[in-house]
$ cat input-v5.pdb   # PDB, C-alpha atoms
ATOM      1  CA  MET R   9       0.000   0.000   0.000
ATOM      2  CA  ILE R  10       1.018   3.632  -0.498
ATOM      3  CA  HIS R  11       0.500   6.253   2.207
ATOM      4  CA  LEU R  12      -1.138   9.479   1.029
ATOM      5  CA  PRO R  13      -0.906  12.638   3.143
ATOM      6  CA  GLY R  14      -4.417  13.837   2.441
ATOM      7  CA  GLY R  15      -5.163  17.454   1.688
ATOM      8  CA  ALA R  16      -7.423  19.773  -0.262
ATOM      9  CA  PHE R  17      -8.107  19.475  -3.988
ATOM     10  CA  ALA R  18     -10.576  20.506  -6.692
ATOM     11  CA  MET R  19     -12.987  17.586  -7.068
ATOM     12  CA  GLY R  20     -15.066  17.090 -10.212
ATOM     13  CA  SER R  21     -14.979  18.633 -13.669
ATOM     14  CA  ASP R  22     -16.994  21.150 -15.702
ATOM     15  CA  ARG R  23     -15.537  20.046 -19.053
ATOM     16  CA  PHE R  24     -17.020  16.615 -19.768
ATOM     17  CA  TYR R  25     -20.217  15.065 -18.347
ATOM     18  CA  PRO R  26     -22.878  16.853 -16.277
ATOM     19  CA  GLU R  27     -22.763  14.325 -13.418
ATOM     20  CA  GLU R  28     -19.175  15.411 -12.681
ATOM     21  CA  ALA R  29     -20.065  19.055 -12.033
ATOM     22  CA  PRO R  30     -19.718  21.338 -10.209
ATOM     23  CA  VAL R  31     -16.050  21.550  -9.407
ATOM     24  CA  ARG R  32     -15.821  21.915  -5.621
ATOM     25  CA  ARG R  33     -12.950  22.334  -3.196
ATOM     26  CA  VAL R  34     -12.802  19.493  -0.654
ATOM     27  CA  ARG R  35     -10.309  17.915   1.726
ATOM     28  CA  VAL R  36      -9.558  14.318   2.694
ATOM     29  CA  ASP R  37      -7.623  13.002   5.692
ATOM     30  CA  PRO R  38      -4.483  10.850   5.294
ATOM     31  CA  PHE R  39      -4.957   7.216   4.268
ATOM     32  CA  TRP R  40      -3.174   4.180   2.833
ATOM     33  CA  ILE R  41      -4.281   2.826  -0.543
ATOM     34  CA  ASP R  42      -3.525  -0.299  -2.557
ATOM     35  CA  GLU R  43      -0.839   0.343  -5.141
ATOM     36  CA  THR R  44      -2.879  -1.527  -7.763
ATOM     37  CA  PRO R  45      -6.395  -2.881  -8.218
ATOM     38  CA  VAL R  46      -6.940  -6.223  -6.457
ATOM     39  CA  THR R  47      -5.646  -8.924  -8.806
ATOM     40  CA  ASN R  48      -6.982 -12.349  -9.714
ATOM     41  CA  ALA R  49      -4.214 -13.926  -7.634
ATOM     42  CA  GLN R  50      -5.080 -11.854  -4.569
ATOM     43  CA  PHE R  51      -8.787 -12.579  -4.885
ATOM     44  CA  ALA R  52      -8.068 -16.285  -5.338
ATOM     45  CA  GLU R  53      -6.107 -16.228  -2.081
ATOM     46  CA  PHE R  54      -9.122 -14.687  -0.334
ATOM     47  CA  VAL R  55     -11.504 -17.300  -1.748
ATOM     48  CA  ALA R  56      -9.146 -20.152  -0.836
ATOM     49  CA  ALA R  57      -8.904 -18.878   2.734
ATOM     50  CA  THR R  58     -12.623 -18.229   3.261
ATOM     51  CA  GLY R  59     -14.593 -20.356   0.793
ATOM     52  CA  TYR R  60     -16.352 -17.184  -0.320
ATOM     53  CA  VAL R  61     -18.819 -17.457  -3.232
ATOM     54  CA  THR R  62     -19.356 -14.332  -5.327
ATOM     55  CA  LEU R  63     -22.667 -12.958  -6.506
ATOM     56  CA  ALA R  64     -21.937 -13.965 -10.115
ATOM     57  CA  GLU R  65     -21.500 -17.554  -8.931
ATOM     58  CA  THR R  66     -24.897 -17.513  -7.210
ATOM     59  CA  ALA R  67     -28.205 -18.036  -9.015
ATOM     60  CA  PRO R  68     -30.444 -14.965  -8.667
ATOM     61  CA  ASP R  69     -33.798 -15.305  -6.937
ATOM     62  CA  PRO R  70     -36.606 -14.452  -9.415
ATOM     63  CA  LYS R  71     -38.537 -12.950  -6.485
ATOM     64  CA  ASP R  72     -35.965 -10.147  -6.377
ATOM     65  CA  TYR R  73     -36.469  -9.326 -10.061
ATOM     66  CA  PRO R  74     -40.125  -8.784 -11.008
ATOM     67  CA  GLY R  75     -40.913 -10.227 -14.441
ATOM     68  CA  MET R  76     -37.774 -12.339 -14.619
ATOM     69  CA  ASP R  77     -38.012 -15.584 -16.584
ATOM     70  CA  PRO R  78     -37.248 -18.340 -14.013
ATOM     71  CA  ALA R  79     -35.248 -20.145 -16.708
ATOM     72  CA  LEU R  80     -32.737 -17.306 -16.569
ATOM     73  CA  ALA R  81     -32.134 -17.751 -12.829
ATOM     74  CA  GLN R  82     -28.668 -19.184 -13.320
ATOM     75  CA  PRO R  83     -25.263 -17.951 -12.157
ATOM     76  CA  GLY R  84     -23.491 -15.725 -14.651
ATOM     77  CA  SER R  85     -22.276 -12.249 -15.479
ATOM     78  CA  ALA R  86     -22.081  -9.674 -18.281
ATOM     79  CA  VAL R  87     -19.327 -10.243 -20.864
ATOM     80  CA  PHE R  88     -18.260  -7.769 -23.540
ATOM     81  CA  GLU R  89     -18.446  -8.873 -27.172
ATOM     82  CA  MET R  90     -17.125  -6.636 -29.930
ATOM     83  CA  THR R  91     -19.679  -5.886 -32.636
ATOM     84  CA  ASP R  92     -18.884  -6.445 -36.314
ATOM     85  CA  ARG R  93     -20.239  -3.086 -37.441
ATOM     86  CA  PRO R  94     -21.084   0.393 -36.117
ATOM     87  CA  VAL R  95     -24.053   0.352 -33.728
ATOM     88  CA  ASP R  96     -26.108   2.845 -31.781
ATOM     89  CA  THR R  97     -23.918   3.567 -28.751
ATOM     90  CA  GLY R  98     -27.007   4.627 -26.838
ATOM     91  CA  VAL R  99     -28.019   0.964 -26.659
ATOM     92  CA  PRO R 100     -25.355  -1.247 -25.005
ATOM     93  CA  SER R 101     -25.749  -4.173 -27.408
ATOM     94  CA  TRP R 102     -22.151  -5.273 -26.750
ATOM     95  CA  TRP R 103     -23.012  -6.693 -23.323
ATOM     96  CA  HIS R 104     -24.165 -10.304 -23.135
ATOM     97  CA  PHE R 105     -25.187 -12.053 -19.932
ATOM     98  CA  ARG R 106     -23.278 -15.298 -20.086
ATOM     99  CA  PHE R 107     -24.144 -18.233 -17.838
ATOM    100  CA  GLY R 108     -21.043 -19.431 -16.021
ATOM    101  CA  ALA R 109     -19.071 -16.202 -16.374
ATOM    102  CA  SER R 110     -17.428 -15.167 -13.098
ATOM    103  CA  TRP R 111     -14.110 -14.026 -11.697
ATOM    104  CA  ARG R 112     -12.852 -17.589 -12.247
ATOM    105  CA  ALA R 113     -14.042 -17.653 -15.870
ATOM    106  CA  PRO R 114     -13.879 -14.038 -17.110
ATOM    107  CA  THR R 115     -15.281 -14.718 -20.586
ATOM    108  CA  GLY R 116     -17.524 -17.628 -19.618
ATOM    109  CA  PRO R 117     -17.269 -21.446 -19.553
ATOM    110  CA  GLY R 118     -13.959 -22.696 -20.871
ATOM    111  CA  SER R 119     -12.036 -19.596 -19.798
ATOM    112  CA  SER R 120      -9.967 -19.219 -16.641
ATOM    113  CA  ILE R 121      -7.590 -16.862 -14.864
ATOM    114  CA  GLU R 122      -4.598 -19.042 -15.753
ATOM    115  CA  GLY R 123      -2.005 -16.755 -17.265
ATOM    116  CA  ILE R 124      -3.776 -13.582 -16.135
ATOM    117  CA  GLU R 125      -3.213 -13.886 -12.398
ATOM    118  CA  ASP R 126      -1.701 -10.385 -12.386
ATOM    119  CA  HIS R 127      -4.711  -8.793 -14.095
ATOM    120  CA  PRO R 128      -7.392  -7.018 -12.031
ATOM    121  CA  VAL R 129     -10.143  -9.310 -10.767
ATOM    122  CA  VAL R 130     -13.482  -8.647 -12.515
ATOM    123  CA  HIS R 131     -17.080  -9.843 -12.293
ATOM    124  CA  VAL R 132     -17.208  -8.749  -8.647
ATOM    125  CA  ALA R 133     -20.299  -7.143  -7.139
ATOM    126  CA  HIS R 134     -20.065  -4.417  -4.514
ATOM    127  CA  ALA R 135     -20.678  -6.925  -1.711
ATOM    128  CA  ASP R 136     -17.863  -9.109  -3.069
ATOM    129  CA  ALA R 137     -15.446  -6.175  -2.939
ATOM    130  CA  GLU R 138     -16.537  -5.347   0.605
ATOM    131  CA  ALA R 139     -16.101  -8.968   1.688
ATOM    132  CA  TYR R 140     -12.531  -9.023   0.375
ATOM    133  CA  ALA R 141     -11.761  -5.688   2.022
ATOM    134  CA  THR R 142     -13.047  -6.921   5.393
ATOM    135  CA  TRP R 143     -10.962 -10.102   5.129
ATOM    136  CA  ALA R 144      -7.876  -8.010   4.310
ATOM    137  CA  GLY R 145      -8.479  -5.603   7.208
ATOM    138  CA  LYS R 146      -9.279  -2.755   4.856
ATOM    139  CA  VAL R 147     -12.275  -0.818   3.454
ATOM    140  CA  LEU R 148     -13.353   0.579   0.107
ATOM    141  CA  PRO R 149     -12.449   4.235  -0.528
ATOM    142  CA  THR R 150     -14.968   7.024  -0.670
ATOM    143  CA  GLU R 151     -15.355   8.752  -4.021
ATOM    144  CA  ALA R 152     -13.381  11.744  -2.725
ATOM    145  CA  GLU R 153     -10.540   9.571  -1.419
ATOM    146  CA  TRP R 154     -10.393   7.678  -4.701
ATOM    147  CA  GLU R 155     -10.310  10.854  -6.795
ATOM    148  CA  PHE R 156      -7.666  12.452  -4.572
ATOM    149  CA  ALA R 157      -5.489   9.380  -5.068
ATOM    150  CA  ALA R 158      -6.104   9.221  -8.830
ATOM    151  CA  ARG R 159      -5.012  12.816  -9.353
ATOM    152  CA  GLY R 160      -1.552  11.999  -8.010
ATOM    153  CA  GLY R 161      -1.020  15.513  -6.715
ATOM    154  CA  LEU R 162      -2.063  17.246  -9.953
ATOM    155  CA  ASP R 163      -4.939  19.632  -9.327
ATOM    156  CA  GLY R 164      -7.448  20.615 -11.998
ATOM    157  CA  VAL R 165      -6.062  18.565 -14.913
ATOM    158  CA  ASP R 166      -8.183  16.234 -17.035
ATOM    159  CA  TYR R 167      -6.113  13.051 -16.759
ATOM    160  CA  ALA R 168      -3.911  11.447 -14.115
ATOM    161  CA  TRP R 169      -0.818  12.780 -15.923
ATOM    162  CA  GLY R 170      -1.958  16.122 -17.336
ATOM    163  CA  ASP R 171      -4.378  17.588 -19.887
ATOM    164  CA  GLU R 172      -3.410  15.496 -22.937
ATOM    165  CA  LEU R 173      -4.764  11.967 -23.313
ATOM    166  CA  ALA R 174      -1.822  10.523 -25.255
ATOM    167  CA  PRO R 175       1.092  12.983 -25.031
ATOM    168  CA  GLN R 176       3.310  12.552 -28.117
ATOM    169  CA  GLY R 177       1.340   9.395 -28.894
ATOM    170  CA  ALA R 178       2.303   7.645 -25.653
ATOM    171  CA  MET R 179      -0.208   5.104 -24.331
ATOM    172  CA  LEU R 180      -0.398   5.780 -20.599
ATOM    173  CA  ALA R 181      -3.424   3.622 -19.752
ATOM    174  CA  ASN R 182      -5.476   0.701 -21.062
ATOM    175  CA  TYR R 183      -8.432   2.251 -22.887
ATOM    176  CA  TRP R 184     -10.066   1.699 -26.289
ATOM    177  CA  GLN R 185      -8.257   3.178 -29.312
ATOM    178  CA  GLY R 186     -10.512   3.494 -32.350
ATOM    179  CA  LEU R 187     -14.272   3.517 -32.785
ATOM    180  CA  PHE R 188     -16.101   1.698 -30.016
ATOM    181  CA  PRO R 189     -17.468  -1.015 -29.977
ATOM    182  CA  PHE R 190     -16.411  -2.490 -33.337
ATOM    183  CA  ALA R 191     -12.927  -1.228 -34.228
ATOM    184  CA  ASN R 192     -10.191  -1.422 -31.615
ATOM    185  CA  GLN R 193      -6.831  -0.468 -33.069
ATOM    186  CA  LEU R 194      -5.085  -2.055 -30.053
ATOM    187  CA  THR R 195      -2.445   0.663 -29.984
ATOM    188  CA  ASP R 196      -1.938  -0.149 -26.314
ATOM    189  CA  GLY R 197      -1.791  -3.882 -27.059
ATOM    190  CA  TRP R 198      -4.818  -4.982 -25.027
ATOM    191  CA  LEU R 199      -8.400  -5.824 -25.972
ATOM    192  CA  ARG R 200      -9.526  -6.661 -22.439
ATOM    193  CA  THR R 201      -7.778  -6.180 -19.093
ATOM    194  CA  SER R 202      -4.011  -5.750 -18.835
ATOM    195  CA  PRO R 203      -1.578  -6.729 -16.066
ATOM    196  CA  VAL R 204      -1.385  -4.234 -13.232
ATOM    197  CA  ARG R 205       1.721  -2.019 -13.409
ATOM    198  CA  THR R 206       1.747  -2.238 -17.232
ATOM    199  CA  TYR R 207       1.563   1.556 -17.464
ATOM    200  CA  PRO R 208       3.460   4.244 -15.540
ATOM    201  CA  ALA R 209       2.382   5.048 -11.985
ATOM    202  CA  ASN R 210       0.869   8.432 -11.223
ATOM    203  CA  GLY R 211       2.497  11.065  -9.033
ATOM    204  CA  TYR R 212       1.649   9.122  -5.868
ATOM    205  CA  GLY R 213       3.126   5.865  -7.162
ATOM    206  CA  LEU R 214      -0.296   4.293  -7.861
ATOM    207  CA  TYR R 215      -0.996   2.127 -10.896
ATOM    208  CA  ASP R 216      -4.113   1.749 -13.051
ATOM    209  CA  MET R 217      -6.061   4.531 -11.371
ATOM    210  CA  ILE R 218      -7.208   5.380 -14.884
ATOM    211  CA  ALA R 219      -8.856   2.837 -17.245
ATOM    212  CA  ASN R 220      -8.164  -0.941 -17.286
ATOM    213  CA  VAL R 221     -11.116  -1.545 -14.912
ATOM    214  CA  TRP R 222     -13.699   0.626 -13.229
ATOM    215  CA  GLU R 223     -13.367   0.546  -9.429
ATOM    216  CA  TRP R 224     -16.060   0.320  -6.759
ATOM    217  CA  THR R 225     -16.214   2.994  -4.056
ATOM    218  CA  ALA R 226     -18.059   3.086  -0.748
ATOM    219  CA  ASP R 227     -20.372   5.965  -1.721
ATOM    220  CA  TRP R 228     -24.004   5.793  -2.778
ATOM    221  CA  TYR R 229     -24.509   7.564  -6.092
ATOM    222  CA  ALA R 230     -25.935  11.097  -6.079
ATOM    223  CA  GLN R 231     -25.480  14.277  -8.061
ATOM    224  CA  PRO R 232     -22.533  16.170  -6.515
ATOM    225  CA  LYS R 233     -23.368  19.024  -4.216
ATOM    226  CA  VAL R 234     -21.244  21.865  -2.918
ATOM    227  CA  GLU R 235     -20.898  21.717   0.849
ATOM    228  CA  ARG R 236     -20.725  25.164   2.376
ATOM    229  CA  LYS R 237     -18.009  26.183   4.799
ATOM    230  CA  ALA R 238     -19.093  26.794   8.356
ATOM    231  CA  LYS R 239     -19.660  30.472   9.093
ATOM    232  CA  GLY R 240     -16.372  32.093   9.999
ATOM    233  CA  SER R 241     -14.383  29.013   8.987
ATOM    234  CA  CYS R 242     -11.458  29.152   6.584
ATOM    235  CA  CYS R 243     -11.517  25.413   6.012
ATOM    236  CA  VAL R 244     -12.922  23.558   3.024
ATOM    237  CA  PRO R 245     -15.398  20.695   3.643
ATOM    238  CA  ALA R 246     -13.616  17.601   4.917
ATOM    239  CA  ASN R 247     -14.134  13.973   3.858
ATOM    240  CA  PRO R 248     -17.317  14.477   1.813
ATOM    241  CA  ARG R 249     -19.617  11.507   1.272
ATOM    242  CA  GLY R 250     -22.112  10.587  -1.425
ATOM    243  CA  GLY R 251     -25.887  10.323  -1.265
ATOM    244  CA  THR R 252     -28.214   7.895   0.486
ATOM    245  CA  ARG R 253     -29.116   4.322  -0.338
ATOM    246  CA  GLY R 254     -32.707   5.260  -1.130
ATOM    247  CA  GLY R 255     -31.690   8.275  -3.140
ATOM    248  CA  SER R 256     -29.438   6.151  -5.344
ATOM    249  CA  ILE R 257     -32.337   4.020  -6.625
ATOM    250  CA  VAL R 258     -33.764   4.800 -10.069
ATOM    251  CA  LYS R 259     -37.500   5.361  -9.667
ATOM    252  CA  HIS R 260     -38.528   3.205 -12.637
ATOM    253  CA  ASP R 261     -36.328   0.260 -11.557
ATOM    254  CA  ALA R 262     -38.725  -2.563 -10.684
ATOM    255  CA  ALA R 263     -36.006  -4.362  -8.711
ATOM    256  CA  ARG R 264     -35.325  -1.203  -6.653
ATOM    257  CA  MET R 265     -31.607  -1.855  -6.784
ATOM    258  CA  PRO R 266     -29.416   0.800  -5.108
ATOM    259  CA  ARG R 267     -26.338   2.095  -6.915
ATOM    260  CA  LYS R 268     -22.779   2.846  -5.836
ATOM    261  CA  VAL R 269     -20.233   5.147  -7.487
ATOM    262  CA  LEU R 270     -17.691   3.610  -9.844
ATOM    263  CA  LYS R 271     -14.523   5.555 -10.658
ATOM    264  CA  GLY R 272     -11.725   5.489 -13.200
ATOM    265  CA  GLY R 273     -13.177   4.208 -16.456
ATOM    266  CA  SER R 274     -12.069   0.970 -18.100
ATOM    267  CA  HIS R 275     -10.473  -0.648 -21.149
ATOM    268  CA  LEU R 276     -13.826  -0.132 -22.905
ATOM    269  CA  CYS R 277     -13.773   3.665 -22.639
ATOM    270  CA  ALA R 278     -13.047   5.380 -25.964
ATOM    271  CA  GLU R 279     -12.833   8.896 -27.349
ATOM    272  CA  ASN R 280     -16.095   8.358 -29.260
ATOM    273  CA  TYR R 281     -17.833   6.730 -26.291
ATOM    274  CA  CYS R 282     -17.484   7.054 -22.512
ATOM    275  CA  GLN R 283     -14.548   9.415 -22.099
ATOM    276  CA  ARG R 284     -14.353   8.414 -18.459
ATOM    277  CA  TYR R 285     -10.687   7.469 -18.166
ATOM    278  CA  ARG R 286     -10.250  10.503 -15.903
ATOM    279  CA  PRO R 287     -10.073  11.170 -12.134
ATOM    280  CA  ALA R 288     -13.279  13.225 -12.140
ATOM    281  CA  ALA R 289     -15.341  10.686 -14.096
ATOM    282  CA  ARG R 290     -17.992   8.684 -12.268
ATOM    283  CA  TYR R 291     -20.689   6.145 -13.001
ATOM    284  CA  ALA R 292     -23.733   4.812 -11.126
ATOM    285  CA  GLN R 293     -23.519   1.013 -10.895
ATOM    286  CA  PRO R 294     -26.274  -1.177  -9.362
ATOM    287  CA  VAL R 295     -24.737  -3.108  -6.476
ATOM    288  CA  ASP R 296     -25.875  -6.441  -7.948
ATOM    289  CA  THR R 297     -24.417  -5.871 -11.426
ATOM    290  CA  THR R 298     -21.184  -7.650 -12.316
ATOM    291  CA  THR R 299     -19.269  -7.239 -15.561
ATOM    292  CA  GLY R 300     -15.927  -8.007 -17.142
ATOM    293  CA  HIS R 301     -14.668  -4.443 -16.691
ATOM    294  CA  VAL R 302     -15.329  -3.643 -13.016
ATOM    295  CA  GLY R 303     -12.888  -4.322 -10.183
ATOM    296  CA  PHE R 304     -11.758  -2.517  -7.024
ATOM    297  CA  ARG R 305      -8.926  -1.549  -4.693
ATOM    298  CA  CYS R 306      -8.898  -0.938  -0.939
ATOM    299  CA  ILE R 307      -7.694   1.616   1.590
ATOM    300  CA  VAL R 308      -6.842   1.870   5.273
ATOM    301  CA  ARG R 309      -7.506   5.187   6.982
ATOM    302  CA  GLY R 310      -5.218   6.885   9.474
TER     303      GLY R 310
END

$ encode --input "input-v5.pdb" --output "C-alpha cells"
Amino acid sequence: MIHLPGGAFAMGSDRFYPEEAPVRRVRVDPFWIDETPVTNAQFAEFVAATGYVTLAETAPDPKDYPGMDPALAQPGSAVFEMTDRPVDTGVPSWWHFRFGASWRAPTGPGSSIEGIEDHPVVHVAHADAEAYATWAGKVLPTEAEWEFAARGGLDGVDYAWGDELAPQGAMLANYWQGLFPFANQLTDGWLRTSPVRTYPANGYGLYDMIANVWEWTADWYAQPKVERKAKGSCCVPANPRGGTRGGSIVKHDAARMPRKVLKGGSHLCAENYCQRYRPAARYAQPVDTTTGHVGFRCIVRG
C-alpha cells in the first residue's frame, strides 16, 4: 500500500459530463491505498482462505427481479463482445449475460484466470469487494478519497498525468483506441484487461487509477453538491460523502436496486464513447451488477 498525506483538492470537472459538475474544493484526511487494483491472484487467495462465493456464482432469486423468466435464474455475469459493425452507442448491445461467467471464468465457460493472475479481478459485485476488504483488514475508498489518489497531486487537470490523453502518442493507460465497440486499433496492445503495473504510476506511485477496470467505491450515487463552509471558517469541507441508499435508486427500476459510485473508467472507454478514463469521471452502478470491466482496490484510513 502507499501512504497518502491527504489534503485539499478541486474535485469534479466542468468540461465533460454533467454528473461530474460542479467543481468543488474538498479535503480528505491521510490514508493508505492499494498500489494496484486487487488482482486475480489476490482474490483467489481470499476465496481459498474463506470459501467465499461471489454474486456472479450464485443463481439470482426471481422474487428479487419482477418479471424475470425463471429459466434465466442461473449464475453468470455480463461479458463484452465486440460488434462487427457500427451500432447505436445509446443501446449497449455489446453486453451479453453469459451463464457461467465469473471471476474464475472471465469470458464464460472454458475460460480461466490461468495466465492472467496479475490482471485485475473482474465480475465482482459491490458486496464481493466489501467482503474481500473486510478479510484483508481494509475498506473501500470514498469517491473523494479515490479521486484524490487518482489525481496523483495534480490539481485541476483532465487526466492522471496532465491535460493530454496521449502525449506525443504515448499510451499511458489501457483504454479503447478506435471507434467503439467495433474497431479497436489495439495501440496499447490490449483488448480486455491488462496486467497491473503495465503503465506508468501516477504522481503518488499508484498504478491503473485510470482505465483498465472501473473501481467500486463506498459511496451511494448522487449528483454532486457543494458543501458550504461553516460560518467564519477558513476550512474547506472535509471527507465528503455521497448520497443515500434510497436516493441512489432509479425510480422506474422494478427491482429497486441501489447504486454505488464507480470511478476510473475501463479498457472499454473510448474517445467516441465514454470518455471516463479521468479522475473526475464517475458512473452509477447497481450493487448487484457484475461485468468483465469492473474491479476494485482498498484503503486503510489513518

$ atom_distance --input "input-v5.pdb" --atom1 "atom CA of Gly59 of chain R" --atom2 "atom CA of Cys306 of chain R"
20.3 Å

$ resolve_selection --input "input-v5.pdb" --expression "the PyMOL selection byres ((chain R and resi 234) around 12)" --output "MDAnalysis selection string"
chainID R and resid 18:20 28:34 231:233 235:237 244:246 248:250

$ atom_distance --input "input-v5.pdb" --atom1 "atom CA of Thr298 of chain R" --atom2 "atom CA of His104 of chain R"
11.5 Å

$ residues_near_point --input "input-v5.pdb" --point "(-17.9, -8.6, -5.9)" --cutoff "8 Å" --atoms "all atoms listed in the file" --output "VMD selection string"
chain R and resid 62 to 64 130 to 139 298 303

$ closest_residue --input "input-v5.pdb" --among "R:Ile257, R:Ala109, R:Leu214, R:Leu173" --to "Gly160 of chain R" --atoms "all atoms listed in the file"
R:Leu214

$ atom_distance --input "input-v5.pdb" --atom1 "atom CA of Met76 of chain R" --atom2 "atom CA of Val129 of chain R"
28.1 Å

$ resolve_selection --input "input-v5.pdb" --expression "the PyMOL selection byres ((chain R and resi 165) around 12)" --output "PDB file with C-alpha atoms, in the coordinates of the input"
ATOM      1  CA  PHE R  17      -8.107  19.475  -3.988  1.00  0.00           C
ATOM      2  CA  ALA R  18     -10.576  20.506  -6.692  1.00  0.00           C
ATOM      3  CA  MET R  19     -12.987  17.586  -7.068  1.00  0.00           C
ATOM      4  CA  GLY R  20     -15.066  17.090 -10.212  1.00  0.00           C
ATOM      5  CA  SER R  21     -14.979  18.633 -13.669  1.00  0.00           C
ATOM      6  CA  ASP R  22     -16.994  21.150 -15.702  1.00  0.00           C
ATOM      7  CA  ARG R  23     -15.537  20.046 -19.053  1.00  0.00           C
ATOM      8  CA  VAL R  31     -16.050  21.550  -9.407  1.00  0.00           C
ATOM      9  CA  GLU R 155     -10.310  10.854  -6.795  1.00  0.00           C
ATOM     10  CA  ALA R 158      -6.104   9.221  -8.830  1.00  0.00           C
ATOM     11  CA  ARG R 159      -5.012  12.816  -9.353  1.00  0.00           C
ATOM     12  CA  GLY R 160      -1.552  11.999  -8.010  1.00  0.00           C
ATOM     13  CA  GLY R 161      -1.020  15.513  -6.715  1.00  0.00           C
ATOM     14  CA  LEU R 162      -2.063  17.246  -9.953  1.00  0.00           C
ATOM     15  CA  ASP R 163      -4.939  19.632  -9.327  1.00  0.00           C
ATOM     16  CA  GLY R 164      -7.448  20.615 -11.998  1.00  0.00           C
ATOM     17  CA  ASP R 166      -8.183  16.234 -17.035  1.00  0.00           C
ATOM     18  CA  TYR R 167      -6.113  13.051 -16.759  1.00  0.00           C
ATOM     19  CA  ALA R 168      -3.911  11.447 -14.115  1.00  0.00           C
ATOM     20  CA  TRP R 169      -0.818  12.780 -15.923  1.00  0.00           C
ATOM     21  CA  GLY R 170      -1.958  16.122 -17.336  1.00  0.00           C
ATOM     22  CA  ASP R 171      -4.378  17.588 -19.887  1.00  0.00           C
ATOM     23  CA  GLU R 172      -3.410  15.496 -22.937  1.00  0.00           C
ATOM     24  CA  LEU R 173      -4.764  11.967 -23.313  1.00  0.00           C
ATOM     25  CA  ARG R 286     -10.250  10.503 -15.903  1.00  0.00           C
ATOM     26  CA  PRO R 287     -10.073  11.170 -12.134  1.00  0.00           C
ATOM     27  CA  ALA R 288     -13.279  13.225 -12.140  1.00  0.00           C
TER      28      ALA R 288
END

$ closest_residue --input "input-v5.pdb" --among "R:Gly116, R:Pro38, R:Gly177, R:Gly272" --to "Ala219 of chain R" --atoms "only C-alpha atoms"
R:Gly272

$ axis_aligned_box --input "input-v5.pdb" --around "segment 182-195 of chain R" --padding-each-side "4 Å" --output "AutoDock Vina command-line options"
--center_x -10.0 --center_y 0.5 --center_z -27.6 --size_x 23.0 --size_y 14.0 --size_z 21.2

$ closest_residue --input "input-v5.pdb" --among "R:Tyr207, R:Tyr291, R:Phe39, R:Trp224" --to "Ile307 of chain R" --atoms "all atoms listed in the file"
R:Phe39

$ closest_residue --input "input-v5.pdb" --among "R:Tyr285, R:Trp102, R:Trp222, R:Phe304" --to "Pro189 of chain R" --atoms "only C-alpha atoms"
R:Trp102

$ decode --input "input-v5.pdb" --residues "segment 12-56 of chain R" --atoms "C-alpha atoms" --output "PDB file, in the first residue's frame"
ATOM      1  CA  LEU R  12      -1.138   9.479   1.029  1.00  0.00           C
ATOM      2  CA  PRO R  13      -0.906  12.638   3.143  1.00  0.00           C
ATOM      3  CA  GLY R  14      -4.417  13.837   2.441  1.00  0.00           C
ATOM      4  CA  GLY R  15      -5.163  17.454   1.688  1.00  0.00           C
ATOM      5  CA  ALA R  16      -7.423  19.773  -0.262  1.00  0.00           C
ATOM      6  CA  PHE R  17      -8.107  19.475  -3.988  1.00  0.00           C
ATOM      7  CA  ALA R  18     -10.576  20.506  -6.692  1.00  0.00           C
ATOM      8  CA  MET R  19     -12.987  17.586  -7.068  1.00  0.00           C
ATOM      9  CA  GLY R  20     -15.066  17.090 -10.212  1.00  0.00           C
ATOM     10  CA  SER R  21     -14.979  18.633 -13.669  1.00  0.00           C
ATOM     11  CA  ASP R  22     -16.994  21.150 -15.702  1.00  0.00           C
ATOM     12  CA  ARG R  23     -15.537  20.046 -19.053  1.00  0.00           C
ATOM     13  CA  PHE R  24     -17.020  16.615 -19.768  1.00  0.00           C
ATOM     14  CA  TYR R  25     -20.217  15.065 -18.347  1.00  0.00           C
ATOM     15  CA  PRO R  26     -22.878  16.853 -16.277  1.00  0.00           C
ATOM     16  CA  GLU R  27     -22.763  14.325 -13.418  1.00  0.00           C
ATOM     17  CA  GLU R  28     -19.175  15.411 -12.681  1.00  0.00           C
ATOM     18  CA  ALA R  29     -20.065  19.055 -12.033  1.00  0.00           C
ATOM     19  CA  PRO R  30     -19.718  21.338 -10.209  1.00  0.00           C
ATOM     20  CA  VAL R  31     -16.050  21.550  -9.407  1.00  0.00           C
ATOM     21  CA  ARG R  32     -15.821  21.915  -5.621  1.00  0.00           C
ATOM     22  CA  ARG R  33     -12.950  22.334  -3.196  1.00  0.00           C
ATOM     23  CA  VAL R  34     -12.802  19.493  -0.654  1.00  0.00           C
ATOM     24  CA  ARG R  35     -10.309  17.915   1.726  1.00  0.00           C
ATOM     25  CA  VAL R  36      -9.558  14.318   2.694  1.00  0.00           C
ATOM     26  CA  ASP R  37      -7.623  13.002   5.692  1.00  0.00           C
ATOM     27  CA  PRO R  38      -4.483  10.850   5.294  1.00  0.00           C
ATOM     28  CA  PHE R  39      -4.957   7.216   4.268  1.00  0.00           C
ATOM     29  CA  TRP R  40      -3.174   4.180   2.833  1.00  0.00           C
ATOM     30  CA  ILE R  41      -4.281   2.826  -0.543  1.00  0.00           C
ATOM     31  CA  ASP R  42      -3.525  -0.299  -2.557  1.00  0.00           C
ATOM     32  CA  GLU R  43      -0.839   0.343  -5.141  1.00  0.00           C
ATOM     33  CA  THR R  44      -2.879  -1.527  -7.763  1.00  0.00           C
ATOM     34  CA  PRO R  45      -6.395  -2.881  -8.218  1.00  0.00           C
ATOM     35  CA  VAL R  46      -6.940  -6.223  -6.457  1.00  0.00           C
ATOM     36  CA  THR R  47      -5.646  -8.924  -8.806  1.00  0.00           C
ATOM     37  CA  ASN R  48      -6.982 -12.349  -9.714  1.00  0.00           C
ATOM     38  CA  ALA R  49      -4.214 -13.926  -7.634  1.00  0.00           C
ATOM     39  CA  GLN R  50      -5.080 -11.854  -4.569  1.00  0.00           C
ATOM     40  CA  PHE R  51      -8.787 -12.579  -4.885  1.00  0.00           C
ATOM     41  CA  ALA R  52      -8.068 -16.285  -5.338  1.00  0.00           C
ATOM     42  CA  GLU R  53      -6.107 -16.228  -2.081  1.00  0.00           C
ATOM     43  CA  PHE R  54      -9.122 -14.687  -0.334  1.00  0.00           C
ATOM     44  CA  VAL R  55     -11.504 -17.300  -1.748  1.00  0.00           C
ATOM     45  CA  ALA R  56      -9.146 -20.152  -0.836  1.00  0.00           C
TER      46      ALA R  56
END
